[in-house]
file coords00.cif (mmCIF, C-alpha atoms)
data_target
loop_
_atom_site.group_PDB
_atom_site.id
_atom_site.type_symbol
_atom_site.label_atom_id
_atom_site.label_comp_id
_atom_site.auth_asym_id
_atom_site.auth_seq_id
_atom_site.Cartn_x
_atom_site.Cartn_y
_atom_site.Cartn_z
ATOM 1 C CA MET A 20 -20.185 -101.838 98.220
ATOM 2 C CA ARG A 21 -18.650 -98.375 98.385
ATOM 3 C CA ARG A 22 -20.188 -97.507 95.009
ATOM 4 C CA SER A 23 -23.622 -98.590 96.246
ATOM 5 C CA LEU A 24 -23.256 -96.503 99.396
ATOM 6 C CA LEU A 25 -22.093 -93.511 97.358
ATOM 7 C CA LEU A 26 -25.056 -93.806 94.989
ATOM 8 C CA GLY A 27 -27.385 -94.132 97.944
ATOM 9 C CA TRP A 28 -26.040 -90.989 99.576
ATOM 10 C CA CYS A 29 -26.223 -89.084 96.260
ATOM 11 C CA SER A 30 -29.832 -90.137 95.779
ATOM 12 C CA LEU A 31 -30.672 -89.035 99.306
ATOM 13 C CA LEU A 32 -28.982 -85.674 98.784
ATOM 14 C CA VAL A 33 -30.835 -85.137 95.526
ATOM 15 C CA MET A 34 -34.152 -85.940 97.217
ATOM 16 C CA MET A 35 -33.351 -83.613 100.112
ATOM 17 C CA SER A 36 -32.194 -80.859 97.758
ATOM 18 C CA GLY A 37 -35.260 -81.254 95.584
ATOM 19 C CA GLY A 38 -37.503 -81.023 98.621
ATOM 20 C CA GLU A 39 -35.795 -77.852 99.777
ATOM 21 C CA VAL A 40 -36.055 -76.271 96.347
ATOM 22 C CA ALA A 41 -39.715 -77.209 96.065
ATOM 23 C CA GLN A 42 -40.365 -75.756 99.502
ATOM 24 C CA ALA A 43 -38.474 -72.544 98.692
ATOM 25 C CA GLU A 44 -40.394 -72.102 95.467
ATOM 26 C CA THR A 45 -43.798 -72.644 97.063
ATOM 27 C CA PRO A 46 -45.565 -69.298 96.651
ATOM 28 C CA ILE A 47 -46.614 -67.471 99.788
ATOM 29 C CA ASP A 48 -50.336 -66.684 99.896
ATOM 30 C CA SER A 49 -50.485 -63.516 102.015
ATOM 31 C CA LEU A 50 -54.282 -63.470 102.226
ATOM 32 C CA GLU A 51 -54.386 -67.048 103.485
ATOM 33 C CA ARG A 52 -51.705 -66.367 106.080
ATOM 34 C CA ILE A 53 -53.273 -63.069 107.177
ATOM 35 C CA GLU A 54 -56.647 -64.752 107.635
ATOM 36 C CA SER A 55 -55.102 -67.562 109.697
ATOM 37 C CA THR A 56 -52.785 -65.391 111.834
ATOM 38 C CA GLY A 57 -54.577 -62.040 112.011
ATOM 39 C CA VAL A 58 -51.218 -60.341 111.367
ATOM 40 C CA LEU A 59 -50.019 -58.098 108.504
ATOM 41 C CA ARG A 60 -46.214 -57.985 108.248
ATOM 42 C CA VAL A 61 -45.124 -54.469 107.313
ATOM 43 C CA GLY A 62 -41.612 -53.431 106.311
ATOM 44 C CA TYR A 63 -40.411 -49.978 107.381
ATOM 45 C CA GLY A 64 -37.223 -47.985 106.997
ATOM 46 C CA ASP A 65 -35.307 -44.989 108.262
ATOM 47 C CA THR A 66 -36.533 -42.471 105.697
ATOM 48 C CA ALA A 67 -38.575 -39.672 107.256
ATOM 49 C CA PRO A 68 -41.214 -38.545 106.550
ATOM 50 C CA PHE A 69 -42.238 -41.882 104.996
ATOM 51 C CA SER A 70 -41.267 -44.376 107.719
ATOM 52 C CA TYR A 71 -38.946 -44.142 110.716
ATOM 53 C CA LEU A 72 -38.749 -44.590 114.499
ATOM 54 C CA ASP A 73 -39.816 -41.635 116.662
ATOM 55 C CA ASP A 74 -38.250 -40.672 120.000
ATOM 56 C CA GLN A 75 -40.373 -43.276 121.806
ATOM 57 C CA GLY A 76 -39.353 -46.068 119.451
ATOM 58 C CA ASN A 77 -42.689 -46.136 117.616
ATOM 59 C CA VAL A 78 -42.802 -46.783 113.878
ATOM 60 C CA VAL A 79 -44.336 -43.671 112.321
ATOM 61 C CA GLY A 80 -44.496 -41.770 109.043
ATOM 62 C CA TYR A 81 -46.641 -40.802 106.083
ATOM 63 C CA SER A 82 -46.404 -44.292 104.580
ATOM 64 C CA ILE A 83 -47.053 -45.883 107.964
ATOM 65 C CA ASP A 84 -50.205 -43.787 108.493
ATOM 66 C CA ILE A 85 -51.482 -45.020 105.141
ATOM 67 C CA CYS A 86 -50.617 -48.643 105.930
ATOM 68 C CA GLN A 87 -52.305 -48.469 109.316
ATOM 69 C CA ARG A 88 -55.471 -47.408 107.512
ATOM 70 C CA LEU A 89 -54.767 -50.120 104.959
ATOM 71 C CA ALA A 90 -54.784 -52.755 107.706
ATOM 72 C CA LYS A 91 -58.135 -51.499 109.029
ATOM 73 C CA GLN A 92 -59.638 -51.523 105.542
ATOM 74 C CA LEU A 93 -58.271 -55.011 104.810
ATOM 75 C CA GLN A 94 -59.846 -56.216 108.041
ATOM 76 C CA VAL A 95 -63.223 -54.972 106.775
ATOM 77 C CA GLN A 96 -62.758 -56.353 103.247
ATOM 78 C CA LEU A 97 -61.650 -59.787 104.499
ATOM 79 C CA GLY A 98 -64.234 -59.934 107.305
ATOM 80 C CA LEU A 99 -61.605 -60.508 109.997
ATOM 81 C CA PRO A 100 -62.314 -60.042 113.721
ATOM 82 C CA SER A 101 -58.975 -58.216 114.040
ATOM 83 C CA LEU A 102 -55.820 -57.478 112.067
ATOM 84 C CA GLU A 103 -52.636 -56.487 113.846
ATOM 85 C CA ILE A 104 -49.470 -55.071 112.285
ATOM 86 C CA ALA A 105 -46.048 -56.603 112.897
ATOM 87 C CA TYR A 106 -43.321 -54.111 111.900
ATOM 88 C CA VAL A 107 -40.065 -55.405 110.409
ATOM 89 C CA TYR A 108 -37.088 -53.126 109.732
ATOM 90 C CA ARG A 109 -35.777 -53.347 106.175
ATOM 91 C CA THR A 110 -32.980 -51.695 104.206
ATOM 92 C CA PRO A 111 -32.892 -50.695 100.533
ATOM 93 C CA SER A 112 -30.703 -53.713 99.801
ATOM 94 C CA ASN A 113 -32.734 -56.431 101.589
ATOM 95 C CA ARG A 114 -36.370 -55.354 101.055
ATOM 96 C CA VAL A 115 -37.052 -57.705 98.116
ATOM 97 C CA GLN A 116 -35.336 -60.565 99.968
ATOM 98 C CA LEU A 117 -37.610 -60.010 102.986
ATOM 99 C CA LEU A 118 -40.650 -59.988 100.723
ATOM 100 C CA ASN A 119 -39.657 -63.227 99.010
ATOM 101 C CA SER A 120 -38.847 -64.947 102.308
ATOM 102 C CA GLY A 121 -42.225 -63.951 103.749
ATOM 103 C CA ASP A 122 -40.728 -61.869 106.547
ATOM 104 C CA ILE A 123 -42.836 -58.974 105.265
ATOM 105 C CA ASP A 124 -46.046 -58.913 103.227
ATOM 106 C CA ILE A 125 -45.729 -55.308 102.107
ATOM 107 C CA GLU A 126 -43.037 -52.634 102.263
ATOM 108 C CA CYS A 127 -44.595 -49.406 103.536
ATOM 109 C CA ASN A 128 -41.940 -46.867 102.670
ATOM 110 C CA ALA A 129 -41.136 -45.073 99.404
ATOM 111 C CA SER A 130 -39.880 -47.269 96.555
ATOM 112 C CA THR A 131 -39.681 -45.954 93.000
ATOM 113 C CA ASN A 132 -41.917 -47.836 90.577
ATOM 114 C CA THR A 133 -39.698 -48.737 87.611
ATOM 115 C CA GLN A 134 -39.607 -51.513 85.042
ATOM 116 C CA GLU A 135 -36.345 -52.788 86.501
ATOM 117 C CA ARG A 136 -37.811 -53.117 89.981
ATOM 118 C CA ARG A 137 -41.066 -54.656 88.713
ATOM 119 C CA GLN A 138 -38.996 -57.657 87.632
ATOM 120 C CA SER A 139 -38.519 -58.564 91.305
ATOM 121 C CA ALA A 140 -41.608 -57.109 93.025
ATOM 122 C CA GLN A 141 -45.011 -55.612 92.297
ATOM 123 C CA PHE A 142 -46.293 -52.196 93.322
ATOM 124 C CA ALA A 143 -49.393 -50.913 95.022
ATOM 125 C CA LEU A 144 -51.113 -47.738 93.823
ATOM 126 C CA SER A 145 -48.719 -44.806 94.169
ATOM 127 C CA HIS A 146 -48.735 -42.583 97.253
ATOM 128 C CA PHE A 147 -46.165 -39.940 96.229
ATOM 129 C CA PHE A 148 -44.224 -38.586 93.228
ATOM 130 C CA VAL A 149 -40.605 -37.441 93.177
ATOM 131 C CA SER A 150 -37.746 -36.518 90.893
ATOM 132 C CA VAL A 151 -34.124 -37.407 91.567
ATOM 133 C CA HIS A 152 -31.667 -34.589 92.306
ATOM 134 C CA TYR A 153 -28.355 -34.463 94.104
ATOM 135 C CA VAL A 154 -27.220 -32.693 97.265
ATOM 136 C CA ALA A 155 -23.819 -31.016 97.507
ATOM 137 C CA LEU A 156 -22.022 -28.585 99.783
ATOM 138 C CA LYS A 157 -23.278 -25.109 98.923
ATOM 139 C CA GLU A 158 -19.762 -23.657 99.018
ATOM 140 C CA ASN A 159 -18.804 -25.735 95.970
ATOM 141 C CA GLY A 160 -21.479 -24.167 93.781
ATOM 142 C CA PHE A 161 -22.530 -27.433 92.114
ATOM 143 C CA THR A 162 -25.993 -27.040 90.550
ATOM 144 C CA THR A 163 -25.941 -29.001 87.265
ATOM 145 C CA LEU A 164 -24.813 -32.450 86.203
ATOM 146 C CA GLU A 165 -21.962 -30.940 84.203
ATOM 147 C CA ASP A 166 -20.637 -29.437 87.438
ATOM 148 C CA LEU A 167 -20.024 -32.983 88.681
ATOM 149 C CA ALA A 168 -17.949 -34.071 85.675
ATOM 150 C CA GLY A 169 -14.924 -36.076 86.822
ATOM 151 C CA ARG A 170 -16.104 -36.077 90.453
ATOM 152 C CA SER A 171 -17.503 -38.697 92.845
ATOM 153 C CA VAL A 172 -21.194 -39.274 93.651
ATOM 154 C CA SER A 173 -22.558 -41.460 96.458
ATOM 155 C CA VAL A 174 -25.662 -43.632 96.131
ATOM 156 C CA ALA A 175 -27.415 -46.129 98.409
ATOM 157 C CA ARG A 176 -27.212 -49.781 97.392
ATOM 158 C CA GLY A 177 -30.543 -51.348 96.489
ATOM 159 C CA THR A 178 -32.016 -48.085 95.182
ATOM 160 C CA VAL A 179 -32.813 -47.308 91.552
ATOM 161 C CA ASN A 180 -30.528 -44.297 91.914
ATOM 162 C CA VAL A 181 -27.557 -46.594 91.280
ATOM 163 C CA SER A 182 -28.676 -47.424 87.738
ATOM 164 C CA GLN A 183 -29.984 -43.886 87.181
ATOM 165 C CA ILE A 184 -26.681 -42.201 87.956
ATOM 166 C CA ASN A 185 -24.791 -44.834 85.943
ATOM 167 C CA GLN A 186 -27.071 -44.223 82.980
ATOM 168 C CA VAL A 187 -26.693 -40.435 83.029
ATOM 169 C CA ASN A 188 -22.951 -40.922 83.514
ATOM 170 C CA ARG A 189 -22.773 -42.953 80.289
ATOM 171 C CA GLU A 190 -25.150 -40.758 78.283
ATOM 172 C CA ARG A 191 -23.505 -37.472 79.260
ATOM 173 C CA GLN A 192 -19.943 -38.902 79.440
ATOM 174 C CA LEU A 193 -19.399 -37.276 82.821
ATOM 175 C CA ASN A 194 -16.634 -39.629 83.982
ATOM 176 C CA LEU A 195 -18.242 -39.863 87.416
ATOM 177 C CA SER A 196 -16.904 -42.103 90.157
ATOM 178 C CA VAL A 197 -20.012 -43.773 91.665
ATOM 179 C CA VAL A 198 -19.644 -44.724 95.337
ATOM 180 C CA PRO A 199 -22.294 -47.216 96.591
ATOM 181 C CA VAL A 200 -22.914 -47.438 100.364
ATOM 182 C CA GLU A 201 -25.429 -49.328 102.512
ATOM 183 C CA THR A 202 -27.639 -46.531 103.886
ATOM 184 C CA LEU A 203 -28.924 -43.107 102.910
ATOM 185 C CA GLN A 204 -27.279 -41.548 105.949
ATOM 186 C CA GLU A 205 -23.886 -42.970 104.978
ATOM 187 C CA ALA A 206 -24.286 -41.496 101.510
ATOM 188 C CA PHE A 207 -25.204 -38.091 102.942
ATOM 189 C CA ASP A 208 -22.339 -38.183 105.447
ATOM 190 C CA LEU A 209 -19.851 -38.684 102.623
ATOM 191 C CA VAL A 210 -20.965 -35.306 101.239
ATOM 192 C CA ALA A 211 -20.850 -33.687 104.663
ATOM 193 C CA ASP A 212 -17.288 -34.925 105.206
ATOM 194 C CA GLY A 213 -16.164 -33.818 101.754
ATOM 195 C CA ARG A 214 -15.331 -37.350 100.666
ATOM 196 C CA VAL A 215 -17.664 -37.202 97.649
ATOM 197 C CA ALA A 216 -18.950 -34.247 95.659
ATOM 198 C CA ALA A 217 -22.639 -35.180 95.744
ATOM 199 C CA PHE A 218 -25.292 -37.674 96.818
ATOM 200 C CA ALA A 219 -28.067 -38.606 94.356
ATOM 201 C CA MET A 220 -31.509 -39.435 95.763
ATOM 202 C CA ASP A 221 -35.221 -38.529 95.640
ATOM 203 C CA ASP A 222 -35.679 -34.797 96.139
ATOM 204 C CA ILE A 223 -38.109 -35.068 99.084
ATOM 205 C CA LEU A 224 -35.765 -37.363 101.009
ATOM 206 C CA LEU A 225 -32.775 -35.111 100.351
ATOM 207 C CA SER A 226 -34.774 -32.084 101.539
ATOM 208 C CA THR A 227 -35.611 -33.955 104.741
ATOM 209 C CA MET A 228 -31.995 -34.973 105.367
ATOM 210 C CA ILE A 229 -30.771 -31.430 104.764
ATOM 211 C CA ALA A 230 -33.347 -30.056 107.209
ATOM 212 C CA GLU A 231 -32.320 -32.673 109.808
ATOM 213 C CA SER A 232 -28.592 -31.944 109.501
ATOM 214 C CA GLN A 233 -26.674 -29.836 112.008
ATOM 215 C CA HIS A 234 -25.995 -27.153 109.398
ATOM 216 C CA PRO A 235 -28.824 -27.062 106.818
ATOM 217 C CA ASP A 236 -27.469 -23.872 105.272
ATOM 218 C CA ALA A 237 -24.294 -25.717 104.287
ATOM 219 C CA TYR A 238 -26.088 -27.795 101.641
ATOM 220 C CA ALA A 239 -27.888 -27.154 98.375
ATOM 221 C CA LEU A 240 -30.054 -29.278 96.091
ATOM 222 C CA SER A 241 -29.088 -29.368 92.440
ATOM 223 C CA GLU A 242 -31.064 -27.119 90.143
ATOM 224 C CA GLU A 243 -30.951 -29.763 87.432
ATOM 225 C CA ALA A 244 -32.947 -32.959 87.971
ATOM 226 C CA ILE A 245 -31.386 -36.322 87.179
ATOM 227 C CA THR A 246 -34.780 -37.858 86.305
ATOM 228 C CA SER A 247 -38.275 -36.740 85.403
ATOM 229 C CA THR A 248 -41.184 -37.131 87.852
ATOM 230 C CA GLU A 249 -41.441 -40.709 89.164
ATOM 231 C CA PRO A 250 -44.147 -42.523 91.179
ATOM 232 C CA LEU A 251 -43.470 -44.107 94.561
ATOM 233 C CA GLY A 252 -45.403 -47.111 95.828
ATOM 234 C CA PHE A 253 -45.528 -49.922 98.370
ATOM 235 C CA LEU A 254 -43.728 -53.126 97.376
ATOM 236 C CA MET A 255 -45.430 -56.542 97.389
ATOM 237 C CA ARG A 256 -44.299 -60.025 96.344
ATOM 238 C CA LEU A 257 -44.430 -61.074 92.721
ATOM 239 C CA GLY A 258 -47.188 -63.633 92.208
ATOM 240 C CA ASP A 259 -49.104 -62.559 95.315
ATOM 241 C CA ASP A 260 -51.854 -61.231 93.060
ATOM 242 C CA ALA A 261 -54.904 -61.849 95.251
ATOM 243 C CA PHE A 262 -53.271 -59.884 98.066
ATOM 244 C CA ALA A 263 -52.271 -57.084 95.671
ATOM 245 C CA THR A 264 -55.847 -56.827 94.417
ATOM 246 C CA GLU A 265 -57.202 -56.407 97.947
ATOM 247 C CA VAL A 266 -54.447 -53.908 98.813
ATOM 248 C CA ASN A 267 -55.198 -51.716 95.801
ATOM 249 C CA LYS A 268 -58.926 -51.903 96.496
ATOM 250 C CA ALA A 269 -58.254 -50.715 100.046
ATOM 251 C CA LEU A 270 -55.846 -47.971 98.937
ATOM 252 C CA GLU A 271 -58.331 -46.634 96.405
ATOM 253 C CA HIS A 272 -60.832 -46.296 99.252
ATOM 254 C CA ILE A 273 -58.227 -44.480 101.393
ATOM 255 C CA TYR A 274 -56.867 -42.172 98.683
ATOM 256 C CA THR A 275 -60.296 -40.932 97.598
ATOM 257 C CA SER A 276 -61.475 -40.279 101.171
ATOM 258 C CA PRO A 277 -61.721 -36.695 102.573
ATOM 259 C CA GLU A 278 -59.094 -37.722 105.149
ATOM 260 C CA MET A 279 -56.266 -38.067 102.615
ATOM 261 C CA PRO A 280 -55.458 -34.328 102.188
ATOM 262 C CA LEU A 281 -55.306 -33.979 105.985
ATOM 263 C CA LEU A 282 -53.001 -36.989 106.253
ATOM 264 C CA TYR A 283 -50.693 -35.471 103.621
ATOM 265 C CA GLU A 284 -50.699 -32.095 105.367
ATOM 266 C CA ARG A 285 -49.690 -33.711 108.666
ATOM 267 C CA TRP A 286 -46.422 -35.012 107.214
ATOM 268 C CA PHE A 287 -45.454 -32.456 104.588
ATOM 269 C CA GLN A 288 -46.807 -29.130 105.847
ATOM 270 C CA GLN A 289 -46.644 -29.485 109.625
ATOM 271 C CA PRO A 290 -43.745 -30.240 112.006
ATOM 272 C CA ILE A 291 -42.597 -33.835 111.522
ATOM 273 C CA PRO A 292 -43.040 -35.750 114.802
ATOM 274 C CA GLY A 293 -39.733 -36.274 116.597
ATOM 275 C CA LYS A 294 -37.750 -34.347 113.962
ATOM 276 C CA ASP A 295 -38.394 -30.695 114.853
ATOM 277 C CA ILE A 296 -38.512 -29.773 111.158
ATOM 278 C CA THR A 297 -41.239 -28.725 108.715
ATOM 279 C CA LEU A 298 -40.860 -29.487 105.011
ATOM 280 C CA ASN A 299 -43.555 -27.055 103.771
ATOM 281 C CA VAL A 300 -44.168 -29.069 100.600
ATOM 282 C CA PRO A 301 -47.702 -28.552 99.212
ATOM 283 C CA MET A 302 -49.393 -31.459 97.502
ATOM 284 C CA SER A 303 -48.395 -31.481 93.834
ATOM 285 C CA THR A 304 -50.985 -31.285 91.084
ATOM 286 C CA VAL A 305 -50.031 -34.728 89.799
ATOM 287 C CA LEU A 306 -50.501 -36.290 93.261
ATOM 288 C CA ALA A 307 -53.821 -34.505 93.860
ATOM 289 C CA GLU A 308 -55.119 -35.712 90.497
ATOM 290 C CA HIS A 309 -53.898 -39.228 91.250
ATOM 291 C CA PHE A 310 -55.698 -39.322 94.611
ATOM 292 C CA SER A 311 -58.939 -38.176 92.994
ATOM 293 C CA ALA A 312 -58.771 -41.058 90.489
ATOM 294 C CA PRO A 313 -56.094 -43.608 91.558
ATOM 295 C CA ARG A 314 -54.575 -45.652 88.742
ATOM 296 C CA ASP A 315 -51.510 -47.757 88.103
ATOM 297 C CA MET A 316 -48.605 -45.486 87.187
ATOM 298 C CA THR A 317 -45.099 -46.462 86.135
ATOM 299 C CA VAL A 318 -42.031 -44.748 84.754
ATOM 300 C CA ASP A 319 -39.591 -46.309 82.289
#
call {"tool": "encode", "arguments": {"input": "coords00.cif", "output": "structure tokens"}}
result
Amino acid sequence: MRRSLLLGWCSLLVMMSGGEVAQAETPIDSLERIESTGVLRVGYGDTAPFSYLDDQGNVVGYSIDICQRLAKQLQVQLGLPSLEIAYVYRTPSNRVQLLNSGDIDIECNASTNTQERRQSAQFALSHFFVSVHYVALKENGFTTLEDLAGRSVSVARGTVNVSQINQVNRERQLNLSVVPVETLQEAFDLVADGRVAAFAMDDILLSTMIAESQHPDAYALSEEAITSTEPLGFLMRLGDDAFATEVNKALEHIYTSPEMPLLYERWFQQPIPGKDITLNVPMSTVLAEHFSAPRDMTVD
């Protein structure tokens, strides 16, 4: 009797488990859900000038401006009466999880398009290009990778910078101590407090954080780059191909419009809203050429 009951419970558990697995593995069709709900779920971060909260608590940024136009263009392409945006805060470490769970349909921030990351997500057409440098206290005079030999370097978990700094550490035999933390600000603060020698990140984001700091003159970007030029793009779910096709169609329309240079200028050559800083970064030749003829770009 006990054996029969045990087998019965095991069978029930297997059936329940199988149902849960099947449900978890059911692919999310973003287009179908968008058409039925009239809502686009957008992930944002705390990485000015790409996406952040302004003084009034509004989600703003260069990436957000593009994604707001993306929503309007998707509404036209899909023939929807309306399409609202629901903003969801994400971190570097949970962005793919939020995509896979369906909490967000697209991450509108600044993720580096690499082969490693394409194993867990797919990318929209690029909207910016960067190279990875490090920031250090100017008084220490660190400008090259060799200057960091035997020292500690902070990185943000969930970013490609973790593998990048580990790779250069192995290749150059620098004997670095890599210190992963949860947020970009934590990584920067470790430099400010003298607890690590440097913080490795995309150059444009480091420039923004330096400009936002209480003492910008206390910091310096490395003269030597850790990586070559890399494309940034919006993240989407793997397998959500129909949605990705519509997104790229919409982005191509946006990037090639006369409005795009003005949108870029607003965020990189004018005061950043709510930040009281101006980056004064002209559009690079590679980005200008990309906007004139958008195409899939990766770096490996």
call {"tool": "closest_residue", "arguments": {"input": "coords00.cif", "among": "A:Thr227, A:Leu99, A:Ala168, A:Tyr153", "to": "Arg189 of chain A", "atoms": "only C-alpha atoms"}}
result
A:Ala168
call {"tool": "closest_atom_pairs", "arguments": {"input": "coords00.cif", "of": "segment 186-283 of chain A", "to": "segment 62-78 of chain A", "cutoff": "10 Å", "atoms": "all atoms listed in the file", "output": "Markdown table"}}
result
| residue | atom | partner | partner_atom | distance |
| --- | --- | --- | --- | --- |
| A:Thr202 | CA | A:Asp65 | CA | 9.0 |
| A:Leu203 | CA | A:Thr66 | CA | 8.1 |
| A:Gln204 | CA | A:Asp65 | CA | 9.0 |
| A:Ile223 | CA | A:Pro68 | CA | 8.8 |
| A:Leu224 | CA | A:Thr66 | CA | 7.0 |
| A:Leu225 | CA | A:Thr66 | CA | 9.8 |
| A:Thr227 | CA | A:Ala67 | CA | 6.9 |
| A:Met228 | CA | A:Ala67 | CA | 8.3 |
| A:Glu231 | CA | A:Ala67 | CA | 9.7 |
| A:Phe253 | CA | A:Gly62 | CA | 9.5 |
| A:Leu254 | CA | A:Gly62 | CA | 9.2 |
call {"tool": "write_last_selection", "arguments": {"input": "coords00.cif", "atoms": "C-alpha atoms", "output": "compact mmCIF listing (two decimals), in the frame of the given file"}}
result
# COMPACT_ATOMS: atom_id res chain seq x y z
CA THR A 202 -27.64 -46.53 103.89
CA LEU A 203 -28.92 -43.11 102.91
CA GLN A 204 -27.28 -41.55 105.95
CA ILE A 223 -38.11 -35.07 99.08
CA LEU A 224 -35.76 -37.36 101.01
CA LEU A 225 -32.78 -35.11 100.35
CA THR A 227 -35.61 -33.96 104.74
CA MET A 228 -32.00 -34.97 105.37
CA GLU A 231 -32.32 -32.67 109.81
CA PHE A 253 -45.53 -49.92 98.37
CA LEU A 254 -43.73 -53.13 97.38
call {"tool": "resolve_selection", "arguments": {"input": "coords00.cif", "expression": "the PyMOL selection byres ((chain A and resi 293-304) around 8)", "output": "ChimeraX atom specification"}}
result
/A:73-74,226-227,230-231,283-284,287-292,305-308
call {"tool": "resolve_selection", "arguments": {"input": "coords00.cif", "expression": "the PyMOL selection byres ((chain A and resi 178) around 9)", "output": "PyMOL selection string"}}
result
chain A and resi 111-112+130-131+174-177+179-182+220
call {"tool": "write_last_selection", "arguments": {"input": "coords00.cif", "atoms": "C-alpha atoms", "output": "compact mmCIF listing (two decimals), in the frame of the given file"}}
result
# COMPACT_ATOMS: atom_id res chain seq x y z
CA PRO A 111 -32.89 -50.70 100.53
CA SER A 112 -30.70 -53.71 99.80
CA SER A 130 -39.88 -47.27 96.56
CA THR A 131 -39.68 -45.95 93.00
CA VAL A 174 -25.66 -43.63 96.13
CA ALA A 175 -27.42 -46.13 98.41
CA ARG A 176 -27.21 -49.78 97.39
CA GLY A 177 -30.54 -51.35 96.49
CA VAL A 179 -32.81 -47.31 91.55
CA ASN A 180 -30.53 -44.30 91.91
CA VAL A 181 -27.56 -46.59 91.28
CA SER A 182 -28.68 -47.42 87.74
CA MET A 220 -31.51 -39.44 95.76
call {"tool": "residues_around", "arguments": {"input": "coords00.cif", "residues": "Val172 of chain A", "least_positions_apart": "4", "cutoff": "8 Å", "atoms": "all atoms listed in the file", "output": "list in words"}}
result
Leu195, Ser196, Val197, Val198, Val215, Ala216, Ala217, Phe218 and Ala219 of chain A
call {"tool": "closest_residue", "arguments": {"input": "coords00.cif", "among": "A:Ile273, A:Val79, A:Leu59, A:Ala105", "to": "Trp286 of chain A", "atoms": "only C-alpha atoms"}}
result
A:Val79
call {"tool": "closest_residue", "arguments": {"input": "coords00.cif", "among": "A:Leu270, A:Cys127, A:Leu144, A:Leu164", "to": "Val61 of chain A", "atoms": "all atoms listed in the file"}}
result
A:Cys127
call {"tool": "atom_distance", "arguments": {"input": "coords00.cif", "atom1": "atom CA of Asp48 of chain A", "atom2": "atom CA of Leu93 of chain A"}}
result
14.9 Å
call {"tool": "resolve_selection", "arguments": {"input": "coords00.cif", "expression": "the PyMOL selection byres ((chain A and resi 89-91) around 9)", "output": "PyMOL selection string"}}
result
chain A and resi 59+84-88+92-96+101-104+266+269-270+273
call {"tool": "atom_distance", "arguments": {"input": "coords00.cif", "atom1": "atom CA of Pro46 of chain A", "atom2": "atom CA of Asp259 of chain A"}}
result
7.7 Å
call {"tool": "closest_residue", "arguments": {"input": "coords00.cif", "among": "A:Ala237, A:His146, A:Thr56, A:Asn119", "to": "Leu282 of chain A", "atoms": "all atoms listed in the file"}}
result
A:His146
call {"tool": "atom_distance", "arguments": {"input": "coords00.cif", "atom1": "atom CA of Arg191 of chain A", "atom2": "atom CA of Asp212 of chain A"}}
result
26.8 Å
call {"tool": "closest_residue", "arguments": {"input": "coords00.cif", "among": "A:Gln134, A:Gly252, A:Ser139, A:Ala263", "to": "Asn113 of chain A", "atoms": "all atoms listed in the file"}}
result
A:Ser139
call {"tool": "residues_near_point", "arguments": {"input": "coords00.cif", "point": "(-40.3, -59.3, 96.5)", "cutoff": "9 Å", "atoms": "only C-alpha atoms", "output": "ChimeraX atom specification"}}
result
/A:114-121,124-125,139-141,254-257
call {"tool": "closest_residue", "arguments": {"input": "coords00.cif", "among": "A:Leu251, A:Ile47, A:Val58, A:Ala155", "to": "Ala211 of chain A", "atoms": "all atoms listed in the file"}}
result
A:Ala155
call {"tool": "axis_aligned_box", "arguments": {"input": "coords00.cif", "around": "segment 193-199 of chain A", "padding_each_side": "5 Å", "output": "JSON"}}
result
{"center_x": -19.5, "center_y": -42.2, "center_z": 89.7, "size_x": 15.7, "size_y": 19.9, "size_z": 23.8}
call {"tool": "build_atoms", "arguments": {"input": "coords00.cif", "residues": "segment 88-94 of chain A", "atoms": "N, CA, C and O atoms", "output": "compact mmCIF listing (two decimals), in the coordinates of the input"}}
result
# COMPACT_ATOMS: atom_id res chain seq x y z
N ARG A 88 -54.11 -47.47 108.06
CA ARG A 88 -55.47 -47.41 107.51
C ARG A 88 -55.73 -48.57 106.56
O ARG A 88 -56.85 -49.08 106.47
N LEU A 89 -54.66 -48.97 105.85
CA LEU A 89 -54.77 -50.12 104.96
C LEU A 89 -55.14 -51.37 105.74
O LEU A 89 -56.01 -52.16 105.32
N ALA A 90 -54.49 -51.58 106.88
CA ALA A 90 -54.78 -52.76 107.71
C ALA A 90 -56.24 -52.75 108.17
O ALA A 90 -56.91 -53.79 108.15
N LYS A 91 -56.74 -51.59 108.58
CA LYS A 91 -58.14 -51.50 109.03
C LYS A 91 -59.10 -51.79 107.88
O LYS A 91 -60.12 -52.47 108.06
N GLN A 92 -58.77 -51.29 106.69
CA GLN A 92 -59.64 -51.52 105.54
C GLN A 92 -59.58 -52.98 105.08
O GLN A 92 -60.60 -53.56 104.69
N LEU A 93 -58.39 -53.59 105.14
CA LEU A 93 -58.27 -55.01 104.81
C LEU A 93 -59.07 -55.87 105.79
O LEU A 93 -59.69 -56.87 105.39
N GLN A 94 -59.06 -55.48 107.04
CA GLN A 94 -59.85 -56.22 108.04
C GLN A 94 -61.32 -56.22 107.66
O GLN A 94 -61.99 -57.25 107.75
